[in-house]
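Novice: This is run.cif, which holds mmCIF, N, CA and C atoms:
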data_my_file
loop_
_atom_site.label_atom_id
_atom_site.label_comp_id
_atom_site.auth_asym_id
_atom_site.auth_seq_id
_atom_site.Cartn_x
_atom_site.Cartn_y
_atom_site.Cartn_z
N MET A 63 6.78 36.07 4.80
CA MET A 63 5.87 34.97 4.50
C MET A 63 4.76 35.00 5.54
N SER A 64 3.53 34.97 5.06
CA SER A 64 2.40 34.96 5.99
C SER A 64 2.18 33.55 6.51
N LEU A 65 1.27 33.44 7.44
CA LEU A 65 1.05 32.17 8.11
C LEU A 65 0.52 31.08 7.18
N GLY A 66 -0.32 31.42 6.22
CA GLY A 66 -0.93 30.41 5.36
C GLY A 66 -0.14 30.05 4.12
N GLU A 67 0.96 30.75 3.83
CA GLU A 67 1.68 30.50 2.58
C GLU A 67 2.40 29.16 2.55
N GLY A 68 2.90 28.71 3.65
CA GLY A 68 3.70 27.49 3.65
C GLY A 68 2.92 26.22 3.90
N GLN A 69 1.60 26.27 3.92
CA GLN A 69 0.82 25.09 4.24
C GLN A 69 0.91 24.00 3.18
N ASN A 70 1.03 24.37 1.93
CA ASN A 70 1.05 23.36 0.87
C ASN A 70 2.46 22.87 0.56
N ASN A 71 3.46 23.43 1.18
CA ASN A 71 4.83 22.99 0.93
C ASN A 71 5.12 21.71 1.68
N LEU A 72 5.78 20.80 1.01
CA LEU A 72 6.20 19.58 1.67
C LEU A 72 7.46 19.87 2.47
N PRO A 73 7.67 19.18 3.58
CA PRO A 73 8.74 19.56 4.50
C PRO A 73 10.15 19.26 4.03
N ASN A 74 10.31 18.42 3.04
CA ASN A 74 11.64 17.96 2.68
C ASN A 74 11.76 17.98 1.15
N PRO A 75 12.90 18.41 0.61
CA PRO A 75 13.05 18.42 -0.85
C PRO A 75 12.89 17.03 -1.47
N PHE A 76 13.26 15.98 -0.75
CA PHE A 76 13.10 14.63 -1.27
C PHE A 76 11.63 14.32 -1.53
N TRP A 77 10.75 14.67 -0.58
CA TRP A 77 9.32 14.40 -0.73
C TRP A 77 8.71 15.29 -1.80
N ARG A 78 9.22 16.52 -1.93
CA ARG A 78 8.74 17.39 -3.00
C ARG A 78 9.08 16.79 -4.36
N MET A 79 10.27 16.20 -4.47
CA MET A 79 10.67 15.57 -5.73
C MET A 79 9.77 14.37 -6.04
N LEU A 80 9.47 13.56 -5.01
CA LEU A 80 8.63 12.38 -5.23
C LEU A 80 7.18 12.74 -5.53
N ALA A 81 6.76 13.94 -5.13
CA ALA A 81 5.38 14.35 -5.39
C ALA A 81 5.14 14.63 -6.86
N ARG A 82 6.19 14.85 -7.61
CA ARG A 82 6.04 15.07 -9.06
C ARG A 82 5.75 13.74 -9.73
N ARG A 83 4.74 13.72 -10.56
CA ARG A 83 4.30 12.46 -11.18
C ARG A 83 5.31 11.93 -12.17
N ASP A 84 6.03 12.78 -12.86
CA ASP A 84 7.00 12.29 -13.83
C ASP A 84 8.17 11.60 -13.13
N VAL A 85 8.58 12.14 -11.99
CA VAL A 85 9.66 11.50 -11.23
C VAL A 85 9.19 10.16 -10.68
N LEU A 86 7.97 10.15 -10.15
CA LEU A 86 7.43 8.90 -9.61
C LEU A 86 7.27 7.85 -10.71
N ALA A 87 6.79 8.26 -11.87
CA ALA A 87 6.65 7.32 -13.00
C ALA A 87 8.02 6.80 -13.44
N GLY A 88 9.01 7.65 -13.44
CA GLY A 88 10.36 7.22 -13.80
C GLY A 88 10.91 6.20 -12.81
N LEU A 89 10.69 6.43 -11.51
CA LEU A 89 11.16 5.48 -10.51
C LEU A 89 10.43 4.15 -10.61
N LEU A 90 9.12 4.19 -10.87
CA LEU A 90 8.38 2.94 -11.05
C LEU A 90 8.86 2.19 -12.30
N GLY A 91 9.13 2.93 -13.37
CA GLY A 91 9.64 2.31 -14.59
C GLY A 91 11.01 1.68 -14.36
N LEU A 92 11.87 2.39 -13.63
CA LEU A 92 13.19 1.86 -13.32
C LEU A 92 13.09 0.59 -12.48
N GLY A 93 12.17 0.58 -11.53
CA GLY A 93 11.95 -0.62 -10.72
C GLY A 93 11.47 -1.79 -11.57
N ALA A 94 10.59 -1.53 -12.53
CA ALA A 94 10.11 -2.59 -13.42
C ALA A 94 11.24 -3.15 -14.26
N VAL A 95 12.12 -2.28 -14.75
CA VAL A 95 13.27 -2.74 -15.54
C VAL A 95 14.17 -3.64 -14.71
N VAL A 96 14.41 -3.25 -13.46
CA VAL A 96 15.27 -4.06 -12.58
C VAL A 96 14.64 -5.43 -12.32
N VAL A 97 13.33 -5.46 -12.09
CA VAL A 97 12.64 -6.75 -11.85
C VAL A 97 12.73 -7.64 -13.09
N VAL A 98 12.47 -7.08 -14.27
CA VAL A 98 12.51 -7.88 -15.50
C VAL A 98 13.92 -8.42 -15.74
N GLN A 99 14.94 -7.58 -15.54
CA GLN A 99 16.31 -8.06 -15.73
C GLN A 99 16.66 -9.16 -14.74
N GLY A 100 16.23 -9.00 -13.51
CA GLY A 100 16.49 -10.03 -12.50
C GLY A 100 15.82 -11.34 -12.84
N LEU A 101 14.59 -11.27 -13.34
CA LEU A 101 13.90 -12.50 -13.72
C LEU A 101 14.55 -13.16 -14.93
N ARG A 102 15.02 -12.36 -15.88
CA ARG A 102 15.71 -12.93 -17.06
C ARG A 102 17.00 -13.63 -16.66
N GLU A 103 17.77 -13.01 -15.77
CA GLU A 103 19.03 -13.62 -15.34
C GLU A 103 18.77 -14.89 -14.54
N ALA A 104 17.71 -14.89 -13.73
CA ALA A 104 17.38 -16.09 -12.95
C ALA A 104 16.92 -17.21 -13.87
N GLN A 105 16.26 -16.86 -14.96
CA GLN A 105 15.79 -17.87 -15.89
C GLN A 105 16.96 -18.51 -16.65
N ASP A 106 18.01 -17.77 -16.90
CA ASP A 106 19.19 -18.33 -17.57
C ASP A 106 19.89 -19.35 -16.69
N VAL A 107 19.83 -19.18 -15.39
CA VAL A 107 20.50 -20.10 -14.48
C VAL A 107 19.80 -21.44 -14.45
N ARG A 108 18.50 -21.44 -14.31
CA ARG A 108 17.72 -22.68 -14.32
C ARG A 108 16.33 -22.36 -14.84
N PRO A 109 15.66 -23.32 -15.45
CA PRO A 109 14.32 -23.06 -15.96
C PRO A 109 13.32 -22.84 -14.82
N LEU A 110 12.32 -22.00 -15.08
CA LEU A 110 11.30 -21.73 -14.08
C LEU A 110 10.30 -22.87 -14.01
N SER A 111 9.87 -23.19 -12.81
CA SER A 111 8.84 -24.20 -12.62
C SER A 111 7.61 -23.55 -12.01
N SER A 112 6.55 -24.33 -11.84
CA SER A 112 5.33 -23.77 -11.26
C SER A 112 5.53 -23.38 -9.80
N ALA A 113 6.47 -24.00 -9.11
CA ALA A 113 6.76 -23.64 -7.72
C ALA A 113 7.37 -22.24 -7.64
N ASP A 114 8.12 -21.85 -8.67
CA ASP A 114 8.71 -20.51 -8.69
C ASP A 114 7.63 -19.44 -8.81
N PHE A 115 6.60 -19.72 -9.57
CA PHE A 115 5.52 -18.75 -9.72
C PHE A 115 4.70 -18.64 -8.43
N SER A 116 4.55 -19.72 -7.69
CA SER A 116 3.82 -19.64 -6.43
C SER A 116 4.62 -18.86 -5.39
N ALA A 117 5.92 -18.77 -5.56
CA ALA A 117 6.73 -17.96 -4.66
C ALA A 117 6.49 -16.48 -4.88
N LEU A 118 5.99 -16.10 -6.06
CA LEU A 118 5.67 -14.70 -6.33
C LEU A 118 4.31 -14.29 -5.76
N ARG A 119 3.53 -15.25 -5.33
CA ARG A 119 2.19 -14.98 -4.82
C ARG A 119 2.18 -13.94 -3.68
N PRO A 120 3.02 -14.09 -2.64
CA PRO A 120 3.02 -13.06 -1.58
C PRO A 120 3.42 -11.68 -2.09
N LEU A 121 4.40 -11.63 -2.97
CA LEU A 121 4.85 -10.35 -3.51
C LEU A 121 3.71 -9.64 -4.25
N VAL A 122 2.99 -10.38 -5.06
CA VAL A 122 1.92 -9.80 -5.87
C VAL A 122 0.76 -9.34 -4.98
N PHE A 123 0.31 -10.19 -4.07
CA PHE A 123 -0.88 -9.85 -3.29
C PHE A 123 -0.60 -8.81 -2.20
N VAL A 124 0.57 -8.84 -1.59
CA VAL A 124 0.89 -7.81 -0.60
C VAL A 124 1.04 -6.45 -1.28
N THR A 125 1.71 -6.42 -2.42
CA THR A 125 1.84 -5.17 -3.16
C THR A 125 0.47 -4.66 -3.62
N ALA A 126 -0.36 -5.56 -4.12
CA ALA A 126 -1.71 -5.18 -4.56
C ALA A 126 -2.54 -4.65 -3.40
N SER A 127 -2.41 -5.25 -2.23
CA SER A 127 -3.19 -4.78 -1.08
C SER A 127 -2.77 -3.38 -0.66
N LEU A 128 -1.48 -3.08 -0.72
CA LEU A 128 -1.01 -1.73 -0.38
C LEU A 128 -1.47 -0.69 -1.39
N VAL A 129 -1.44 -1.06 -2.66
CA VAL A 129 -1.90 -0.14 -3.71
C VAL A 129 -3.40 0.11 -3.56
N ILE A 130 -4.17 -0.94 -3.32
CA ILE A 130 -5.61 -0.80 -3.14
C ILE A 130 -5.91 0.09 -1.93
N PHE A 131 -5.18 -0.11 -0.84
CA PHE A 131 -5.38 0.71 0.35
C PHE A 131 -5.09 2.18 0.04
N GLY A 132 -3.99 2.44 -0.62
CA GLY A 132 -3.63 3.82 -0.93
C GLY A 132 -4.64 4.50 -1.84
N LEU A 133 -5.20 3.76 -2.78
CA LEU A 133 -6.17 4.34 -3.71
C LEU A 133 -7.56 4.48 -3.10
N SER A 134 -7.88 3.70 -2.07
CA SER A 134 -9.24 3.70 -1.55
C SER A 134 -9.42 4.45 -0.25
N ILE A 135 -8.37 4.86 0.42
CA ILE A 135 -8.50 5.45 1.76
C ILE A 135 -9.32 6.74 1.74
N GLU A 136 -9.18 7.57 0.73
CA GLU A 136 -9.92 8.83 0.69
C GLU A 136 -11.38 8.63 0.29
N ARG A 137 -11.64 7.69 -0.58
CA ARG A 137 -13.01 7.50 -1.07
C ARG A 137 -13.84 6.58 -0.18
N LEU A 138 -13.22 5.50 0.30
CA LEU A 138 -13.97 4.50 1.06
C LEU A 138 -13.82 4.63 2.56
N GLY A 139 -12.91 5.41 3.03
CA GLY A 139 -12.71 5.59 4.46
C GLY A 139 -11.75 4.57 5.05
N LEU A 140 -11.40 4.81 6.30
CA LEU A 140 -10.40 4.00 6.99
C LEU A 140 -10.85 2.55 7.19
N VAL A 141 -12.08 2.35 7.61
CA VAL A 141 -12.55 1.01 7.96
C VAL A 141 -12.57 0.09 6.74
N ILE A 142 -13.21 0.52 5.67
CA ILE A 142 -13.32 -0.34 4.48
C ILE A 142 -11.96 -0.52 3.82
N SER A 143 -11.13 0.52 3.82
CA SER A 143 -9.79 0.40 3.22
C SER A 143 -8.93 -0.60 3.97
N ILE A 144 -9.02 -0.61 5.29
CA ILE A 144 -8.23 -1.58 6.06
C ILE A 144 -8.78 -2.99 5.86
N LEU A 145 -10.10 -3.13 5.75
CA LEU A 145 -10.67 -4.45 5.46
C LEU A 145 -10.17 -4.96 4.11
N LEU A 146 -10.10 -4.07 3.10
CA LEU A 146 -9.56 -4.47 1.80
C LEU A 146 -8.07 -4.81 1.90
N LEU A 147 -7.32 -4.01 2.64
CA LEU A 147 -5.89 -4.25 2.83
C LEU A 147 -5.64 -5.63 3.42
N ILE A 148 -6.33 -5.94 4.48
CA ILE A 148 -6.13 -7.24 5.15
C ILE A 148 -6.69 -8.37 4.30
N GLY A 149 -7.83 -8.16 3.67
CA GLY A 149 -8.44 -9.21 2.86
C GLY A 149 -7.59 -9.61 1.67
N VAL A 150 -7.11 -8.63 0.92
CA VAL A 150 -6.27 -8.94 -0.25
C VAL A 150 -4.91 -9.46 0.20
N GLY A 151 -4.36 -8.88 1.26
CA GLY A 151 -3.07 -9.35 1.77
C GLY A 151 -3.13 -10.76 2.32
N ALA A 152 -4.30 -11.16 2.84
CA ALA A 152 -4.45 -12.50 3.40
C ALA A 152 -4.43 -13.57 2.32
N VAL A 153 -4.72 -13.20 1.09
CA VAL A 153 -4.67 -14.17 -0.01
C VAL A 153 -3.22 -14.65 -0.22
N ALA A 154 -2.26 -13.84 0.17
CA ALA A 154 -0.85 -14.20 -0.01
C ALA A 154 -0.45 -15.38 0.87
N ALA A 155 -1.08 -15.50 2.04
CA ALA A 155 -0.76 -16.60 2.96
C ALA A 155 -1.83 -17.67 2.82
N ARG A 156 -1.43 -18.84 2.48
CA ARG A 156 -2.40 -19.91 2.26
C ARG A 156 -2.96 -20.49 3.55
N ALA A 157 -2.19 -20.47 4.63
CA ALA A 157 -2.59 -21.14 5.86
C ALA A 157 -3.39 -20.24 6.80
N LEU A 158 -3.69 -19.02 6.40
CA LEU A 158 -4.40 -18.09 7.27
C LEU A 158 -5.89 -18.43 7.32
N ARG A 159 -6.44 -18.44 8.53
CA ARG A 159 -7.85 -18.75 8.72
C ARG A 159 -8.68 -17.47 8.66
N PRO A 160 -9.93 -17.56 8.23
CA PRO A 160 -10.78 -16.36 8.14
C PRO A 160 -10.98 -15.65 9.47
N LEU A 161 -11.09 -16.39 10.57
CA LEU A 161 -11.27 -15.77 11.87
C LEU A 161 -10.03 -14.97 12.28
N GLU A 162 -8.85 -15.52 12.01
CA GLU A 162 -7.61 -14.80 12.29
C GLU A 162 -7.51 -13.53 11.45
N THR A 163 -7.91 -13.62 10.21
CA THR A 163 -7.87 -12.47 9.32
C THR A 163 -8.81 -11.37 9.81
N LEU A 164 -10.01 -11.75 10.20
CA LEU A 164 -10.97 -10.78 10.71
C LEU A 164 -10.47 -10.14 12.01
N ALA A 165 -9.89 -10.94 12.89
CA ALA A 165 -9.36 -10.40 14.15
C ALA A 165 -8.23 -9.41 13.87
N ALA A 166 -7.34 -9.74 12.94
CA ALA A 166 -6.25 -8.83 12.60
C ALA A 166 -6.79 -7.53 12.02
N ALA A 167 -7.82 -7.62 11.19
CA ALA A 167 -8.41 -6.42 10.60
C ALA A 167 -9.05 -5.55 11.67
N LEU A 168 -9.77 -6.14 12.60
CA LEU A 168 -10.42 -5.36 13.65
C LEU A 168 -9.40 -4.68 14.56
N VAL A 169 -8.35 -5.39 14.91
CA VAL A 169 -7.29 -4.80 15.74
C VAL A 169 -6.62 -3.65 14.99
N LEU A 170 -6.33 -3.83 13.72
CA LEU A 170 -5.69 -2.78 12.94
C LEU A 170 -6.61 -1.56 12.77
N ILE A 171 -7.90 -1.78 12.61
CA ILE A 171 -8.86 -0.67 12.50
C ILE A 171 -8.88 0.14 13.79
N VAL A 172 -8.98 -0.55 14.92
CA VAL A 172 -9.03 0.15 16.21
C VAL A 172 -7.73 0.90 16.47
N LEU A 173 -6.59 0.26 16.23
CA LEU A 173 -5.31 0.93 16.44
C LEU A 173 -5.12 2.12 15.51
N SER A 174 -5.47 1.96 14.25
CA SER A 174 -5.32 3.06 13.30
C SER A 174 -6.21 4.24 13.68
N TRP A 175 -7.45 3.94 14.07
CA TRP A 175 -8.36 5.00 14.48
C TRP A 175 -7.83 5.71 15.72
N GLY A 176 -7.36 4.94 16.68
CA GLY A 176 -6.84 5.54 17.92
C GLY A 176 -5.59 6.37 17.70
N ILE A 177 -4.66 5.85 16.91
CA ILE A 177 -3.39 6.54 16.71
C ILE A 177 -3.55 7.74 15.78
N PHE A 178 -4.13 7.53 14.62
CA PHE A 178 -4.12 8.58 13.60
C PHE A 178 -5.24 9.60 13.76
N ILE A 179 -6.41 9.17 14.18
CA ILE A 179 -7.53 10.11 14.26
C ILE A 179 -7.61 10.72 15.67
N LEU A 180 -7.63 9.91 16.70
CA LEU A 180 -7.69 10.45 18.05
C LEU A 180 -6.36 11.04 18.50
N GLY A 181 -5.28 10.27 18.34
CA GLY A 181 -3.99 10.70 18.85
C GLY A 181 -3.36 11.84 18.08
N LEU A 182 -3.27 11.70 16.77
CA LEU A 182 -2.60 12.72 15.95
C LEU A 182 -3.56 13.76 15.38
N GLY A 183 -4.84 13.50 15.44
CA GLY A 183 -5.83 14.46 14.97
C GLY A 183 -5.88 14.60 13.46
N LEU A 184 -5.50 13.56 12.72
CA LEU A 184 -5.55 13.63 11.26
C LEU A 184 -7.00 13.57 10.78
N THR A 185 -7.26 14.21 9.66
CA THR A 185 -8.62 14.23 9.13
C THR A 185 -8.80 13.15 8.06
N ILE A 186 -8.71 11.93 8.51
CA ILE A 186 -8.92 10.78 7.63
C ILE A 186 -10.38 10.37 7.76
N PRO A 187 -11.09 10.20 6.65
CA PRO A 187 -12.49 9.76 6.78
C PRO A 187 -12.56 8.33 7.31
N VAL A 188 -13.43 8.11 8.27
CA VAL A 188 -13.58 6.78 8.86
C VAL A 188 -14.49 5.93 8.00
N TRP A 189 -15.57 6.51 7.51
CA TRP A 189 -16.54 5.82 6.66
C TRP A 189 -16.67 6.59 5.35
N PRO A 190 -17.11 5.93 4.29
CA PRO A 190 -17.32 6.67 3.04
C PRO A 190 -18.49 7.63 3.15
N GLU A 191 -18.41 8.73 2.40
CA GLU A 191 -19.50 9.70 2.37
C GLU A 191 -20.31 9.45 1.10
N TRP A 192 -21.49 8.82 1.27
CA TRP A 192 -22.31 8.50 0.10
C TRP A 192 -23.41 9.47 -0.04
#
Re-express the file's structure as structure tokens.

Specialist:
Amino acid sequence: MSLGEGQNNLPNPFWRMLARRDVLAGLLGLGAVVVVQGLREAQDVRPLSSADFSALRPLVFVTASLVIFGLSIERLGLVISILLLIGVGAVAARALRPLETLAAALVLIVLSWGIFILGLGLTIPVWPEW
């Protein structure tokens, strides 16, 4: 094996399996089935009220913020992706102030840049290339 042949191989068979889109789609589908069944069983125990739906707010917005971050990191760069991550995730918490949210975003941007780009030398775009 030459030096460049193994560059595209993932280090672990588990990660190679997850890299396949059909396996990933199957796992996401299985997760959706489990969530739907859990909600149906919970509904049989007692009827759902509007307070129950507000309890799903953190789950929805935190998950959405992670998905948005993952989809935008390559196109929009580290800074804008982290701002989106913190901004959408902050909607999940009602008592969070805008200044606190901005401070958390700035700290996370600086730490991510220092750890991943300076420290580990990863080639993550910092800003979008327009």

Novice: For segment 141-148 of chain A, work out the shell of residues within 8 Å, counting all atoms listed in the file and skipping chain neighbours fewer than 3 positions away, then give it as a PyMOL selection string.

Specialist: chain A and resi 124+126-138+151-153+163-164+166-168+170-172+187-190

Novice: For the selection just defined, write its residues with N, CA and C atoms to a file, as a compact mmCIF listing (two decimals), in the frame of the given file.

Specialist:
# COMPACT_ATOMS: atom_id res chain seq x y z
N VAL A 124 0.57 -8.84 -1.59
CA VAL A 124 0.89 -7.81 -0.60
C VAL A 124 1.04 -6.45 -1.28
N ALA A 126 -0.36 -5.56 -4.12
CA ALA A 126 -1.71 -5.18 -4.56
C ALA A 126 -2.54 -4.65 -3.40
N SER A 127 -2.41 -5.25 -2.23
CA SER A 127 -3.19 -4.78 -1.08
C SER A 127 -2.77 -3.38 -0.66
N LEU A 128 -1.48 -3.08 -0.72
CA LEU A 128 -1.01 -1.73 -0.38
C LEU A 128 -1.47 -0.69 -1.39
N VAL A 129 -1.44 -1.06 -2.66
CA VAL A 129 -1.90 -0.14 -3.71
C VAL A 129 -3.40 0.11 -3.56
N ILE A 130 -4.17 -0.94 -3.32
CA ILE A 130 -5.61 -0.80 -3.14
C ILE A 130 -5.91 0.09 -1.93
N PHE A 131 -5.18 -0.11 -0.84
CA PHE A 131 -5.38 0.71 0.35
C PHE A 131 -5.09 2.18 0.04
N GLY A 132 -3.99 2.44 -0.62
CA GLY A 132 -3.63 3.82 -0.93
C GLY A 132 -4.64 4.50 -1.84
N LEU A 133 -5.20 3.76 -2.78
CA LEU A 133 -6.17 4.34 -3.71
C LEU A 133 -7.56 4.48 -3.10
N SER A 134 -7.88 3.70 -2.07
CA SER A 134 -9.24 3.70 -1.55
C SER A 134 -9.42 4.45 -0.25
N ILE A 135 -8.37 4.86 0.42
CA ILE A 135 -8.50 5.45 1.76
C ILE A 135 -9.32 6.74 1.74
N GLU A 136 -9.18 7.57 0.73
CA GLU A 136 -9.92 8.83 0.69
C GLU A 136 -11.38 8.63 0.29
N ARG A 137 -11.64 7.69 -0.58
CA ARG A 137 -13.01 7.50 -1.07
C ARG A 137 -13.84 6.58 -0.18
N LEU A 138 -13.22 5.50 0.30
CA LEU A 138 -13.97 4.50 1.06
C LEU A 138 -13.82 4.63 2.56
N GLY A 151 -4.36 -8.88 1.26
CA GLY A 151 -3.07 -9.35 1.77
C GLY A 151 -3.13 -10.76 2.32
N ALA A 152 -4.30 -11.16 2.84
CA ALA A 152 -4.45 -12.50 3.40
C ALA A 152 -4.43 -13.57 2.32
N VAL A 153 -4.72 -13.20 1.09
CA VAL A 153 -4.67 -14.17 -0.01
C VAL A 153 -3.22 -14.65 -0.22
N THR A 163 -7.91 -13.62 10.21
CA THR A 163 -7.87 -12.47 9.32
C THR A 163 -8.81 -11.37 9.81
N LEU A 164 -10.01 -11.75 10.20
CA LEU A 164 -10.97 -10.78 10.71
C LEU A 164 -10.47 -10.14 12.01
N ALA A 166 -7.34 -9.74 12.94
CA ALA A 166 -6.25 -8.83 12.60
C ALA A 166 -6.79 -7.53 12.02
N ALA A 167 -7.82 -7.62 11.19
CA ALA A 167 -8.41 -6.42 10.60
C ALA A 167 -9.05 -5.55 11.67
N LEU A 168 -9.77 -6.14 12.60
CA LEU A 168 -10.42 -5.36 13.65
C LEU A 168 -9.40 -4.68 14.56
N LEU A 170 -6.33 -3.83 13.72
CA LEU A 170 -5.69 -2.78 12.94
C LEU A 170 -6.61 -1.56 12.77
N ILE A 171 -7.90 -1.78 12.61
CA ILE A 171 -8.86 -0.67 12.50
C ILE A 171 -8.88 0.14 13.79
N VAL A 172 -8.98 -0.55 14.92
CA VAL A 172 -9.03 0.15 16.21
C VAL A 172 -7.73 0.90 16.47
N PRO A 187 -11.09 10.20 6.65
CA PRO A 187 -12.49 9.76 6.78
C PRO A 187 -12.56 8.33 7.31
N VAL A 188 -13.43 8.11 8.27
CA VAL A 188 -13.58 6.78 8.86
C VAL A 188 -14.49 5.93 8.00
N TRP A 189 -15.57 6.51 7.51
CA TRP A 189 -16.54 5.82 6.66
C TRP A 189 -16.67 6.59 5.35
N PRO A 190 -17.11 5.93 4.29
CA PRO A 190 -17.32 6.67 3.04
C PRO A 190 -18.49 7.63 3.15

Novice: Within 7 Å of Ala154 of chain A, counting all atoms listed in the file, which residues show up once you throw out same-chain ones fewer than 4 positions away? Write them as a VMD selection string, please.

Specialist: chain A and resid 119 to 121 123 to 124 149 to 150

Novice: I need the residues in segment 127-188 of chain A that are helix (DSSP H, G or I) according to DSSP; give them as a ChimeraX atom specification.

Specialist: /A:127-152,160-181

Novice: Take atom N of Gln99 of chain A and atom N of Asp84 of chain A and report the distance between them in Å, one decimal.

Specialist: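 Atom N of Asp84 of chain A lies 22.4 Å from atom N of Gln99 of chain A.
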
Novice: How many Å lie between atom CA of Phe178 of chain A and atom N of Glu191 of chain A, rounded to one decimal?

Specialist: 18.2 Å

Novice: What's the separation between atom N of Ile186 of chain A and atom N of Val85 of chain A, in Å to one decimal place?

Specialist: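 A separation of 26.8 Å between them.
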
Novice: Enclose segment 140-154 of chain A, meaning all of its atoms listed in the file, in a box aligned along x, y and z, pad it by 8 Å on each side, and list the centre and edge lengths in Å to one decimal, as AutoDock Vina command-line options.

Specialist:
--center_x -6.9 --center_y -5.3 --center_z 3.9 --size_x 28.9 --size_y 36.2 --size_z 24.2
